[in-house]
$ cat input38.txt   # compact mmCIF, C-alpha atoms
# COMPACT_ATOMS: atom_id res chain seq x y z
CA MET Y 1 70.49 24.08 233.13
CA ALA Y 2 72.95 25.42 230.55
CA THR Y 3 73.58 29.14 230.40
CA THR Y 4 73.77 31.13 227.20
CA PRO Y 5 77.24 32.62 226.64
CA ASP Y 6 77.53 36.39 226.53
CA PRO Y 7 76.50 37.53 223.01
CA HIS Y 8 79.38 40.03 222.88
CA ILE Y 9 81.90 37.27 223.51
CA MET Y 10 80.25 35.11 220.86
CA PHE Y 11 80.37 38.05 218.43
CA ASP Y 12 84.08 38.61 219.17
CA ASN Y 13 84.70 34.90 218.52
CA LEU Y 14 82.93 35.19 215.16
CA ALA Y 15 85.10 38.18 214.28
CA ALA Y 16 88.23 36.20 215.12
CA ASP Y 17 87.04 33.16 213.18
CA LEU Y 18 86.22 35.18 210.04
CA ALA Y 19 89.25 37.50 210.13
CA SER Y 20 91.23 35.19 207.84
CA GLN Y 21 88.53 35.76 205.21
CA GLY Y 22 88.93 39.54 205.40
CA ALA Y 23 86.21 40.27 207.96
CA HIS Y 24 86.84 43.05 210.43
CA LYS Y 25 84.91 44.69 213.27
CA SER Y 26 83.28 48.02 212.59
CA LYS Y 27 80.02 49.92 213.10
CA LEU Y 28 76.85 50.10 211.03
CA PHE Y 29 75.21 53.24 212.39
CA THR Y 30 75.34 52.43 216.14
CA MET Y 31 75.39 48.64 215.78
CA SER Y 32 78.60 46.64 216.16
CA CYS Y 33 79.13 44.78 212.91
CA LEU Y 34 81.51 42.81 210.78
CA LYS Y 35 82.42 44.08 207.35
CA ASP Y 36 83.98 42.17 204.50
CA ALA Y 37 87.27 43.06 202.84
CA ARG Y 38 85.41 45.58 200.62
CA GLY Y 39 83.91 47.34 203.65
CA LYS Y 40 80.38 45.98 203.26
CA ALA Y 41 78.52 44.97 206.43
CA PHE Y 42 77.24 41.41 206.55
CA VAL Y 43 76.74 40.68 210.27
CA GLY Y 44 75.79 42.78 213.27
CA LEU Y 45 75.02 42.47 216.96
CA ARG Y 46 71.98 44.28 218.30
CA ASP Y 47 70.22 43.75 221.60
CA GLY Y 48 72.02 40.42 222.05
CA GLU Y 49 70.84 39.07 218.69
CA LEU Y 50 73.00 38.24 215.71
CA VAL Y 51 71.80 40.20 212.69
CA VAL Y 52 72.82 38.54 209.41
CA ARG Y 53 72.43 39.71 205.83
CA LEU Y 54 71.51 36.53 204.00
CA GLY Y 55 69.53 37.83 201.03
CA ARG Y 56 65.77 37.36 201.09
CA ASP Y 57 65.73 34.80 198.28
CA THR Y 58 68.39 32.44 199.61
CA ALA Y 59 67.96 29.03 201.21
CA GLU Y 60 69.93 30.30 204.22
CA HIS Y 61 67.43 33.14 204.74
CA ALA Y 62 64.53 30.68 204.58
CA ALA Y 63 66.22 28.34 207.07
CA ALA Y 64 67.19 31.14 209.47
CA SER Y 65 63.66 32.55 209.45
CA LYS Y 66 62.42 29.20 210.81
CA ILE Y 67 64.55 29.46 213.95
CA ARG Y 68 62.36 30.01 217.00
CA GLY Y 69 62.49 33.72 217.85
CA ALA Y 70 64.13 34.78 214.57
CA HIS Y 71 62.67 37.80 212.78
CA ILE Y 72 63.31 40.32 210.03
CA PHE Y 73 65.64 43.09 211.17
CA GLN Y 74 63.78 46.31 211.85
CA PRO Y 75 66.27 49.04 212.80
CA ARG Y 76 63.39 51.44 213.41
CA VAL Y 77 59.62 51.19 213.28
CA GLY Y 78 58.41 50.90 209.70
CA SER Y 79 61.85 50.10 208.31
CA ASP Y 80 62.21 46.40 207.58
CA TRP Y 81 65.48 45.24 206.08
CA GLN Y 82 64.15 42.16 204.31
CA ASP Y 83 67.59 40.74 203.50
CA TRP Y 84 68.57 40.76 207.18
CA ILE Y 85 67.44 38.22 209.81
CA CYS Y 86 67.88 38.51 213.58
CA ILE Y 87 68.89 35.25 215.25
CA PRO Y 88 68.26 35.15 219.01
CA PRO Y 89 70.99 34.39 221.56
CA THR Y 90 69.22 31.12 222.41
CA SER Y 91 70.38 29.89 218.97
CA GLN Y 92 74.05 30.84 219.33
CA ALA Y 93 75.02 27.37 218.15
CA GLU Y 94 73.82 28.50 214.69
CA TRP Y 95 75.55 31.88 214.66
CA SER Y 96 78.78 30.72 213.04
CA ARG Y 97 76.91 28.90 210.28
CA TYR Y 98 74.84 31.95 209.37
CA ALA Y 99 77.68 34.44 209.73
CA SER Y 100 79.74 32.38 207.27
CA ALA Y 101 76.76 32.17 204.92
CA ALA Y 102 76.26 35.94 205.13
CA LEU Y 103 79.90 36.56 204.26
CA ALA Y 104 79.48 34.38 201.17
CA VAL Y 105 76.35 36.20 199.90
CA PRO Y 106 77.17 38.75 197.18
CA ARG Y 107 76.55 42.35 198.28
$ encode --input "input38.txt" --output "structure tokens"
Amino acid sequence: MATTPDPHIMFDNLAADLASQGAHKSKLFTMSCLKDARGKAFVGLRDGELVVRLGRDTAEHAAASKIRGAHIFQPRVGSDWQDWICIPPTSQAEWSRYASAALAVPR
């Protein structure tokens, strides 16, 4: 049975992969995140899930929401961030695709 790589290592790999496009590691409140060259967060890591800002009306958002275990990001009860989708660690093979898509979405 295959094991799921550590989400923090996967997140660090994403940061390294996207650095050439101006992405850098930072914090969004208490969540580790990646910000674009303008300082806008587009990806985060929370509770082992990749949190991506795809924009609620995009094809990428619709596709990500169909991943088993994916859900709208809710940083606290009653506060849904509709543009953000959480992708579970069991779908790490998709993380790079959605992180790149999130970087491309205008903020």
$ atom_distance --input "input38.txt" --atom1 "CA of Cys86 (chain Y)" --atom2 "CA of Ile72 (chain Y)"
6.1 Å
$ residues_near_point --input "input38.txt" --point "(84.4, 40.7, 205.5)" --cutoff "9 Å" --atoms "all atoms listed in the file" --output "PyMOL selection string"
chain Y and resi 18-19+21-25+34-42+103
$ residues_near_point --input "input38.txt" --point "(82.2, 34.1, 215.7)" --cutoff "10 Å" --atoms "all atoms listed in the file" --output "JSON, numbers by chain"
{"Y": [7, 8, 9, 10, 11, 12, 13, 14, 15, 16, 17, 18, 19, 92, 95, 96, 97, 98, 99, 100]}
$ closest_residue --input "input38.txt" --among "Y:Gly69, Y:Gly55, Y:Pro88, Y:Gly78" --to "Pro106 (chain Y)" --atoms "all atoms listed in the file"
Y:Gly55
$ axis_aligned_box --input "input38.txt" --around "region 82-97 of chain Y" --padding-each-side "4 Å" --output "lines of an AutoDock Vina configuration file"
center_x = 71.5
center_y = 34.8
center_z = 213.0
size_x = 22.6
size_y = 22.8
size_z = 26.9
$ atom_distance --input "input38.txt" --atom1 "CA of Phe73 (chain Y)" --atom2 "CA of Asp6 (chain Y)"
20.5 Å
$ residues_around --input "input38.txt" --residues "His71 (chain Y)" --least-positions-apart "3" --cutoff "12 Å" --atoms "all atoms listed in the file" --output "VMD selection string"
chain Y and resid 49 to 52 61 to 68 74 to 75 80 to 88
$ atom_distance --input "input38.txt" --atom1 "CA of Gly44 (chain Y)" --atom2 "CA of Leu28 (chain Y)"
7.7 Å
$ closest_residue --input "input38.txt" --among "Y:Thr3, Y:Thr90, Y:Thr58, Y:Thr30" --to "Arg46 (chain Y)" --atoms "all atoms listed in the file"
Y:Thr30
$ closest_residue --input "input38.txt" --among "Y:Met31, Y:Ser26, Y:Ala59, Y:Ser20" --to "Ala102 (chain Y)" --atoms "only C-alpha atoms"
Y:Ala59
